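So this block is target.cif, mmCIF, C-alpha atoms:
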data_run
#
loop_
_atom_site.group_PDB
_atom_site.id
_atom_site.type_symbol
_atom_site.label_atom_id
_atom_site.label_comp_id
_atom_site.auth_asym_id
_atom_site.auth_seq_id
_atom_site.Cartn_x
_atom_site.Cartn_y
_atom_site.Cartn_z
ATOM 1 C CA MET A 1 25.869 158.221 87.221
ATOM 2 C CA ALA A 2 28.120 161.229 86.870
ATOM 3 C CA ALA A 3 31.596 160.444 85.585
ATOM 4 C CA PHE A 4 32.681 164.079 85.740
ATOM 5 C CA CYS A 5 33.030 166.062 88.962
ATOM 6 C CA VAL A 6 33.735 169.730 89.639
ATOM 7 C CA GLY A 7 35.016 170.961 92.992
ATOM 8 C CA VAL A 8 33.713 174.373 94.062
ATOM 9 C CA THR A 9 35.564 176.354 96.709
ATOM 10 C CA GLY A 10 36.073 179.898 97.934
ATOM 11 C CA GLY A 11 36.894 181.901 101.023
ATOM 12 C CA VAL A 12 34.470 182.956 103.722
ATOM 13 C CA ALA A 13 31.705 185.220 102.359
ATOM 14 C CA SER A 14 32.873 184.728 98.769
ATOM 15 C CA GLY A 15 29.402 183.637 97.666
ATOM 16 C CA LYS A 16 30.179 179.986 96.957
ATOM 17 C CA SER A 17 26.902 178.805 98.506
ATOM 18 C CA GLU A 18 24.971 181.135 96.220
ATOM 19 C CA VAL A 19 26.921 179.787 93.254
ATOM 20 C CA THR A 20 26.157 176.172 94.118
ATOM 21 C CA ARG A 21 22.466 177.036 94.549
ATOM 22 C CA HIS A 22 22.421 178.262 90.951
ATOM 23 C CA PHE A 23 24.005 175.004 89.785
ATOM 24 C CA GLU A 24 21.336 173.085 91.719
ATOM 25 C CA ALA A 25 18.665 175.169 89.979
ATOM 26 C CA LEU A 26 20.071 173.845 86.687
ATOM 27 C CA GLY A 27 19.570 170.266 87.890
ATOM 28 C CA ILE A 28 23.118 169.575 89.064
ATOM 29 C CA VAL A 29 23.640 167.504 92.211
ATOM 30 C CA VAL A 30 25.824 169.254 94.802
ATOM 31 C CA ALA A 31 27.619 167.124 97.402
ATOM 32 C CA ASP A 32 28.333 169.362 100.405
ATOM 33 C CA ALA A 33 31.515 168.874 102.455
ATOM 34 C CA ASP A 34 30.004 170.613 105.482
ATOM 35 C CA LEU A 35 27.081 168.183 105.534
ATOM 36 C CA ALA A 36 29.452 165.262 104.989
ATOM 37 C CA ALA A 37 31.587 166.415 107.931
ATOM 38 C CA ARG A 38 28.522 166.343 110.184
ATOM 39 C CA ALA A 39 27.520 162.910 108.923
ATOM 40 C CA ALA A 40 31.061 161.622 109.512
ATOM 41 C CA VAL A 41 30.663 162.126 113.275
ATOM 42 C CA ALA A 42 26.902 161.640 113.601
ATOM 43 C CA SER A 43 25.501 159.827 116.628
ATOM 44 C CA GLY A 44 26.219 156.117 116.426
ATOM 45 C CA SER A 45 28.775 156.476 113.618
ATOM 46 C CA ALA A 46 32.178 154.833 113.505
ATOM 47 C CA GLY A 47 33.649 158.304 113.088
ATOM 48 C CA LEU A 48 32.167 159.502 116.374
ATOM 49 C CA ALA A 49 33.395 156.367 118.142
ATOM 50 C CA GLU A 50 36.899 157.100 116.877
ATOM 51 C CA VAL A 51 36.686 160.720 118.047
ATOM 52 C CA VAL A 52 35.664 159.550 121.529
ATOM 53 C CA ALA A 53 38.477 156.987 121.583
ATOM 54 C CA GLU A 54 40.939 159.727 120.670
ATOM 55 C CA PHE A 55 39.679 162.610 122.823
ATOM 56 C CA GLY A 56 37.546 161.041 125.549
ATOM 57 C CA ALA A 57 33.865 161.122 126.478
ATOM 58 C CA ALA A 58 34.078 164.797 127.469
ATOM 59 C CA VAL A 59 33.445 165.672 123.802
ATOM 60 C CA LEU A 60 29.932 164.173 124.002
ATOM 61 C CA ASP A 61 26.795 165.979 125.102
ATOM 62 C CA ALA A 62 24.128 164.576 127.402
ATOM 63 C CA GLN A 63 22.448 162.770 124.502
ATOM 64 C CA GLY A 64 25.653 161.067 123.395
ATOM 65 C CA ALA A 65 26.110 163.255 120.332
ATOM 66 C CA LEU A 66 29.234 165.242 119.557
ATOM 67 C CA ASP A 67 29.376 168.423 121.633
ATOM 68 C CA ARG A 68 30.661 170.701 118.896
ATOM 69 C CA ALA A 69 31.329 173.604 121.241
ATOM 70 C CA ALA A 70 33.442 171.368 123.487
ATOM 71 C CA MET A 71 35.264 169.962 120.471
ATOM 72 C CA ARG A 72 36.023 173.429 119.110
ATOM 73 C CA LYS A 73 37.339 174.493 122.503
ATOM 74 C CA LEU A 74 39.532 171.407 122.673
ATOM 75 C CA VAL A 75 41.193 171.903 119.294
ATOM 76 C CA PHE A 76 41.241 175.721 119.239
ATOM 77 C CA GLY A 77 44.850 176.843 119.329
ATOM 78 C CA ASP A 78 46.088 173.233 119.540
ATOM 79 C CA ASP A 79 47.406 172.282 116.118
ATOM 80 C CA GLY A 80 48.178 168.735 117.218
ATOM 81 C CA ALA A 81 44.634 168.115 118.423
ATOM 82 C CA ARG A 82 43.193 169.696 115.302
ATOM 83 C CA ARG A 83 45.311 167.465 113.069
ATOM 84 C CA ARG A 84 44.217 164.377 115.015
ATOM 85 C CA LEU A 85 40.583 165.354 114.546
ATOM 86 C CA GLU A 86 41.101 166.059 110.855
ATOM 87 C CA ALA A 87 42.774 162.661 110.421
ATOM 88 C CA ILE A 88 39.521 161.080 111.585
ATOM 89 C CA VAL A 89 37.041 163.321 109.775
ATOM 90 C CA HIS A 90 38.662 164.298 106.484
ATOM 91 C CA PRO A 91 39.117 160.812 104.933
ATOM 92 C CA ARG A 92 35.456 160.060 105.662
ATOM 93 C CA VAL A 93 34.372 163.357 104.116
ATOM 94 C CA ARG A 94 36.420 162.728 100.973
ATOM 95 C CA SER A 95 34.959 159.236 100.632
ATOM 96 C CA MET A 96 31.378 160.473 101.103
ATOM 97 C CA LEU A 97 31.800 163.260 98.564
ATOM 98 C CA ARG A 98 33.311 160.927 96.010
ATOM 99 C CA ASP A 99 30.486 158.410 96.437
ATOM 100 C CA GLN A 100 27.798 161.108 96.242
ATOM 101 C CA CYS A 101 29.295 162.549 93.072
ATOM 102 C CA ALA A 102 29.714 159.133 91.462
ATOM 103 C CA ASP A 103 26.097 158.204 92.260
ATOM 104 C CA ALA A 104 24.650 161.517 91.068
ATOM 105 C CA PRO A 105 22.393 161.480 88.016
ATOM 106 C CA GLY A 106 23.109 163.927 85.243
ATOM 107 C CA ALA A 107 26.010 164.961 83.090
ATOM 108 C CA TYR A 108 28.255 165.968 85.982
ATOM 109 C CA ALA A 109 28.215 166.618 89.710
ATOM 110 C CA ILE A 110 29.638 169.239 92.028
ATOM 111 C CA ALA A 111 31.508 168.782 95.299
ATOM 112 C CA ALA A 112 31.248 171.927 97.433
ATOM 113 C CA ILE A 113 34.460 171.971 99.477
ATOM 114 C CA PRO A 114 34.984 175.279 101.351
ATOM 115 C CA LEU A 115 38.431 174.287 102.665
ATOM 116 C CA LEU A 116 39.728 172.606 99.520
ATOM 117 C CA ALA A 117 42.962 174.621 99.400
ATOM 118 C CA GLU A 118 43.520 174.166 103.137
ATOM 119 C CA GLY A 119 42.756 170.444 103.073
ATOM 120 C CA GLY A 120 45.353 169.274 100.561
ATOM 121 C CA GLY A 121 44.021 170.739 97.335
ATOM 122 C CA ARG A 122 44.120 168.625 94.204
ATOM 123 C CA ASP A 123 46.373 166.042 95.864
ATOM 124 C CA ALA A 124 43.679 165.251 98.450
ATOM 125 C CA TYR A 125 40.945 165.101 95.804
ATOM 126 C CA PRO A 126 42.581 163.539 92.723
ATOM 127 C CA TRP A 127 39.147 162.495 91.390
ATOM 128 C CA LEU A 128 38.078 166.099 90.768
ATOM 129 C CA ASP A 129 38.093 166.868 87.065
ATOM 130 C CA ARG A 130 37.896 170.654 87.496
ATOM 131 C CA VAL A 131 38.175 173.133 90.345
ATOM 132 C CA LEU A 132 36.000 176.245 90.313
ATOM 133 C CA VAL A 133 37.084 179.013 92.680
ATOM 134 C CA VAL A 134 34.590 181.678 93.683
ATOM 135 C CA ASP A 135 36.912 184.633 94.085
ATOM 136 C CA VAL A 136 36.413 188.013 95.698
ATOM 137 C CA PRO A 137 38.818 190.856 96.558
ATOM 138 C CA VAL A 138 39.803 190.784 100.228
ATOM 139 C CA ASP A 139 38.359 194.225 101.016
ATOM 140 C CA ILE A 140 34.936 193.199 99.693
ATOM 141 C CA GLN A 141 35.218 189.854 101.475
ATOM 142 C CA GLN A 142 35.951 191.610 104.773
ATOM 143 C CA ALA A 143 33.032 193.999 104.365
ATOM 144 C CA ARG A 144 30.679 191.092 103.647
ATOM 145 C CA VAL A 145 31.874 189.143 106.699
ATOM 146 C CA MET A 146 31.387 192.196 108.918
ATOM 147 C CA GLN A 147 27.865 192.722 107.616
ATOM 148 C CA ARG A 148 26.866 189.042 107.640
ATOM 149 C CA ASP A 149 28.203 188.183 111.106
ATOM 150 C CA ARG A 150 27.835 191.660 112.619
ATOM 151 C CA ILE A 151 31.450 191.744 113.757
ATOM 152 C CA ASP A 152 34.185 194.342 113.658
ATOM 153 C CA GLY A 153 36.899 194.641 111.054
ATOM 154 C CA GLU A 154 39.621 193.147 113.252
ATOM 155 C CA LEU A 155 37.739 189.892 113.840
ATOM 156 C CA ALA A 156 36.722 189.694 110.186
ATOM 157 C CA ALA A 157 40.346 190.111 109.155
ATOM 158 C CA ARG A 158 41.404 187.325 111.531
ATOM 159 C CA MET A 159 38.755 184.997 110.090
ATOM 160 C CA ILE A 160 39.997 185.666 106.567
ATOM 161 C CA ALA A 161 43.658 185.284 107.589
ATOM 162 C CA ALA A 162 42.912 181.880 109.159
ATOM 163 C CA GLN A 163 41.992 180.515 105.724
ATOM 164 C CA ALA A 164 44.118 179.961 102.638
ATOM 165 C CA SER A 165 45.085 183.146 100.857
ATOM 166 C CA ARG A 166 43.349 184.346 97.742
ATOM 167 C CA GLY A 167 46.467 183.441 95.759
ATOM 168 C CA GLU A 168 46.583 179.917 97.188
ATOM 169 C CA ARG A 169 43.011 179.278 96.132
ATOM 170 C CA LEU A 170 43.518 180.711 92.665
ATOM 171 C CA ALA A 171 46.597 178.501 92.235
ATOM 172 C CA ILE A 172 44.412 175.383 92.199
ATOM 173 C CA ALA A 173 41.660 176.856 89.997
ATOM 174 C CA ASP A 174 40.709 175.687 86.529
ATOM 175 C CA ASP A 175 37.800 178.128 86.428
ATOM 176 C CA VAL A 176 37.076 181.320 88.362
ATOM 177 C CA ILE A 177 33.945 183.293 89.121
ATOM 178 C CA VAL A 178 34.897 186.763 90.332
ATOM 179 C CA ASN A 179 31.960 187.542 92.596
ATOM 180 C CA ASP A 180 32.623 191.229 93.256
ATOM 181 C CA GLY A 181 29.450 192.566 91.652
ATOM 182 C CA PRO A 182 25.700 192.356 92.190
ATOM 183 C CA ILE A 183 24.200 188.978 92.976
ATOM 184 C CA GLU A 184 22.140 189.265 89.803
ATOM 185 C CA ALA A 185 25.340 188.715 87.778
ATOM 186 C CA LEU A 186 25.818 185.165 89.055
ATOM 187 C CA PRO A 187 23.186 183.212 87.056
ATOM 188 C CA ALA A 188 24.726 184.096 83.689
ATOM 189 C CA GLN A 189 28.224 183.129 84.869
ATOM 190 C CA VAL A 190 26.972 179.843 86.283
ATOM 191 C CA ALA A 191 25.009 179.090 83.111
ATOM 192 C CA ALA A 192 28.133 179.592 80.993
ATOM 193 C CA LEU A 193 30.119 177.228 83.194
ATOM 194 C CA ASP A 194 27.273 174.713 83.155
ATOM 195 C CA ARG A 195 27.453 174.617 79.361
ATOM 196 C CA ARG A 196 31.217 174.144 79.518
ATOM 197 C CA TYR A 197 31.010 171.341 82.079
ATOM 198 C CA ARG A 198 28.275 169.537 80.150
ATOM 199 C CA ALA A 199 30.426 169.676 77.021
ATOM 200 C CA LEU A 200 33.492 168.398 78.881
ATOM 201 C CA ALA A 201 31.468 165.613 80.477
ATOM 202 C CA SER A 202 30.041 164.666 77.090
ATOM 203 C CA SER A 203 33.527 164.511 75.595
ATOM 204 C CA ARG A 204 34.662 162.326 78.485
ATOM 205 C CA ALA A 205 31.725 159.965 77.976
ATOM 206 C CA ALA A 206 32.429 159.755 74.263
ATOM 207 C CA GLY A 207 35.951 158.594 75.049
#

Could you quickly redo this structure as structure tokens?
Amino acid sequence: MAAFCVGVTGGVASGKSEVTRHFEALGIVVADADLAARAAVASGSAGLAEVVAEFGAAVLDAQGALDRAAMRKLVFGDDGARRRLEAIVHPRVRSMLRDQCADAPGAYAIAAIPLLAEGGGRDAYPWLDRVLVVDVPVDIQQARVMQRDRIDGELAARMIAAQASRGERLAIADDVIVNDGPIEALPAQVAALDRRYRALASSRAAG
């Protein structure tokens, strides 16, 4: 069981998913917050029952599952509704991630948390031993979003602005990968961090 956990975060199109894939290739278990968020409100779950109790049956589709489009429409532009939804989902996500990391085999585990800075940072995840931020200059980030999602610059800029700022993410970082170069540069950076995390985990285990 892993007694050392690293949180990985980054803005939209920063390349954090590619980074976590390289950690997985090195045998490291990655607990994914996005997957945990889906599981938290899966059909038949207590989380979904709480969402329905809070927002009504209109958020369900014909099969009784969460209608994500309807839910997004309901909370879009309504900060109060969004906070009520987050109060249901986020504690479950944090608990799932912590359990998955604790149960992971290997020297350490990774929790991939895209909205770590937005969701309370280190205070919300006090069990994280390190935070790795995948960083990218905003102009490169915007160009990547435009290319990936085939959208214009204005919409890409709004998507980036809706997240924590680059500075806010870097403020919670212990380690940083600046992903502004070719994708081929990532494996060496990840390998170096893997060696560091294994050493830190070994020191922790040794007491």

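Those residues that approach Leu200 (chain A) to within 10 Å, counting all atoms listed in the file, are Phe4, Ala107, Tyr108, Asp129, Arg130, Asp194, Arg195, Ala205 and Ala206 of chain A; same-chain residues fewer than 5 positions away are not listed.
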
Residue contacts of region 81-89 of chain A (9 Å, only C-alpha atoms) excluding same-chain residues fewer than 5 positions away, as a PyMOL selection string:
chain A and resi 37+40-41+47-48+50-51+54-55+72+74-76+94

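In this model, the gap between CA of Ala191 (chain A) and CA of Ser203 (chain A) comes to 18.5 Å.
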
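Environment of (44.8, 177.1, 98.9): residues at most 9 Å away, judged by all atoms listed in the file, are A:Leu115, A:Leu116, A:Ala117, A:Glu118, A:Gly119, A:Gly120, A:Gly121, A:Gln163, A:Ala164, A:Ser165, A:Arg166, A:Gly167, A:Glu168, A:Arg169, A:Leu170, A:Ala171, A:Ile172.
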
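For the choices A:Val138, A:Ala185, A:Leu128, A:Ala157, the atom-to-atom distance to Ala102 (chain A) is smallest for A:Leu128 when using only C-alpha atoms.
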
Option closest in space to Met159 (chain A), from A:Ala173, A:Asp123, A:Gln142, A:Leu186 [counting all atoms listed in the file]:
A:Gln142

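The closest residue to Ser202 (chain A), picked from A:Leu66, A:Ala2, A:Ala31, A:Val176 and counting all atoms listed in the file, is A:Ala2.
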
Excluding Ala65 (chain A) and its own-chain neighbours fewer than 6 positions away, which residues fall within 10 Å of it when counting all atoms listed in the file? Please give them as a PDB file with C-alpha atoms, in the coordinates of the input.
ATOM      1  CA  VAL A  41      30.663 162.126 113.275  1.00  0.00           C
ATOM      2  CA  ALA A  42      26.902 161.640 113.601  1.00  0.00           C
ATOM      3  CA  SER A  43      25.501 159.827 116.628  1.00  0.00           C
ATOM      4  CA  GLY A  44      26.219 156.117 116.426  1.00  0.00           C
ATOM      5  CA  SER A  45      28.775 156.476 113.618  1.00  0.00           C
ATOM      6  CA  LEU A  48      32.167 159.502 116.374  1.00  0.00           C
ATOM      7  CA  VAL A  59      33.445 165.672 123.802  1.00  0.00           C
TER       8      VAL A  59
END

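Proximity of A:Ala199, A:Val190, A:Leu26, A:Val134 to Val12 (chain A), computed with all atoms listed in the file, is greatest for A:Val134.
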
Dump region 50-158 of chain A with C-alpha atoms to a file, as a compact mmCIF listing (two decimals), in the first residue's frame.
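part_21.txt was written with the following content:
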# COMPACT_ATOMS: atom_id res chain seq x y z
CA GLU A 50 -28.63 13.22 -2.80
CA VAL A 51 -28.40 15.17 -6.07
CA VAL A 52 -32.01 14.24 -6.89
CA ALA A 53 -33.14 15.21 -3.39
CA GLU A 54 -31.44 18.58 -3.81
CA PHE A 55 -32.33 19.42 -7.42
CA GLY A 56 -35.32 17.24 -8.31
CA ALA A 57 -35.94 14.37 -10.72
CA ALA A 58 -35.55 16.67 -13.74
CA VAL A 59 -31.78 16.04 -13.55
CA LEU A 60 -32.31 12.35 -14.42
CA ASP A 61 -32.51 10.89 -17.90
CA ALA A 62 -35.00 8.29 -19.07
CA GLN A 63 -32.86 5.47 -17.67
CA GLY A 64 -32.63 7.05 -14.23
CA ALA A 65 -29.01 8.11 -14.63
CA LEU A 66 -27.75 11.65 -14.16
CA ASP A 67 -28.54 13.80 -17.19
CA ARG A 68 -25.24 15.65 -17.31
CA ALA A 69 -26.42 18.13 -19.93
CA ALA A 70 -29.43 19.04 -17.79
CA MET A 71 -27.24 19.32 -14.71
CA ARG A 72 -24.76 21.59 -16.49
CA LYS A 73 -27.61 23.79 -17.69
CA LEU A 74 -29.01 23.98 -14.17
CA VAL A 75 -25.78 25.10 -12.51
CA PHE A 76 -24.35 27.17 -15.38
CA GLY A 77 -24.23 30.78 -14.26
CA ASP A 78 -25.80 29.91 -10.89
CA ASP A 79 -23.03 29.95 -8.30
CA GLY A 80 -25.38 28.87 -5.53
CA ALA A 81 -26.53 25.78 -7.42
CA ARG A 82 -22.97 24.94 -8.40
CA ARG A 83 -21.82 25.15 -4.78
CA ARG A 84 -24.68 22.90 -3.68
CA LEU A 85 -23.69 20.33 -6.28
CA GLU A 86 -20.03 20.56 -5.32
CA ALA A 87 -20.94 20.06 -1.65
CA ILE A 88 -22.42 16.70 -2.64
CA VAL A 89 -19.78 15.55 -5.13
CA HIS A 90 -16.46 16.90 -3.89
CA PRO A 91 -16.30 15.17 -0.46
CA ARG A 92 -17.04 11.84 -2.16
CA VAL A 93 -14.35 12.47 -4.77
CA ARG A 94 -11.77 13.33 -2.12
CA SER A 95 -12.63 10.20 -0.15
CA MET A 96 -12.42 7.96 -3.24
CA LEU A 97 -9.07 9.41 -4.29
CA ARG A 98 -7.62 9.01 -0.83
CA ASP A 99 -8.77 5.38 -0.62
CA GLN A 100 -7.46 4.57 -4.11
CA CYS A 101 -4.08 6.08 -3.33
CA ALA A 102 -3.84 4.35 0.04
CA ASP A 103 -4.71 0.97 -1.52
CA ALA A 104 -2.32 1.36 -4.46
CA PRO A 105 0.63 -1.01 -4.68
CA GLY A 106 4.06 0.46 -5.24
CA ALA A 107 6.27 3.08 -3.70
CA TYR A 108 3.82 5.93 -4.18
CA ALA A 109 0.58 6.84 -5.93
CA ILE A 110 -0.71 9.79 -7.90
CA ALA A 111 -4.02 11.61 -7.59
CA ALA A 112 -4.86 13.41 -10.84
CA ILE A 113 -6.93 16.42 -9.77
CA PRO A 114 -7.50 18.93 -12.62
CA LEU A 115 -9.28 21.46 -10.38
CA LEU A 116 -7.03 21.14 -7.34
CA ALA A 117 -6.38 24.88 -7.04
CA GLU A 118 -10.05 25.69 -7.61
CA GLY A 119 -11.29 23.05 -5.18
CA GLY A 120 -9.52 24.19 -2.01
CA GLY A 121 -5.92 23.36 -2.81
CA ARG A 122 -3.77 21.81 -0.11
CA ASP A 123 -6.38 22.56 2.57
CA ALA A 124 -8.92 20.31 0.82
CA TYR A 125 -6.36 17.54 0.29
CA PRO A 126 -4.14 17.58 3.41
CA TRP A 127 -3.09 13.96 2.74
CA LEU A 128 -1.15 14.91 -0.40
CA ASP A 129 2.58 14.75 0.24
CA ARG A 130 3.56 16.68 -2.90
CA VAL A 131 1.78 18.69 -5.58
CA LEU A 132 3.06 18.55 -9.15
CA VAL A 133 1.80 21.30 -11.44
CA VAL A 134 1.97 20.82 -15.19
CA ASP A 135 2.53 24.39 -16.29
CA VAL A 136 2.28 26.04 -19.68
CA PRO A 137 2.37 29.70 -20.79
CA VAL A 138 -1.13 31.05 -21.40
CA ASP A 139 -0.54 31.82 -25.09
CA ILE A 140 0.51 28.23 -25.77
CA GLN A 141 -2.37 26.95 -23.65
CA GLN A 142 -4.84 29.02 -25.67
CA ALA A 143 -3.44 27.81 -28.98
CA ARG A 144 -3.69 24.19 -27.84
CA VAL A 145 -7.30 24.62 -26.69
CA MET A 146 -8.23 26.20 -30.02
CA GLN A 147 -6.63 23.35 -31.95
CA ARG A 148 -7.93 20.56 -29.71
CA ASP A 149 -11.54 21.75 -29.45
CA ARG A 150 -11.67 23.55 -32.81
CA ILE A 151 -12.90 26.77 -31.24
CA ASP A 152 -12.03 30.41 -31.67
CA GLY A 153 -9.65 32.42 -29.53
CA GLU A 154 -12.39 34.22 -27.60
CA LEU A 155 -14.01 31.01 -26.36
CA ALA A 156 -10.62 29.48 -25.57
CA ALA A 157 -9.71 32.55 -23.53
CA ARG A 158 -12.99 32.31 -21.60
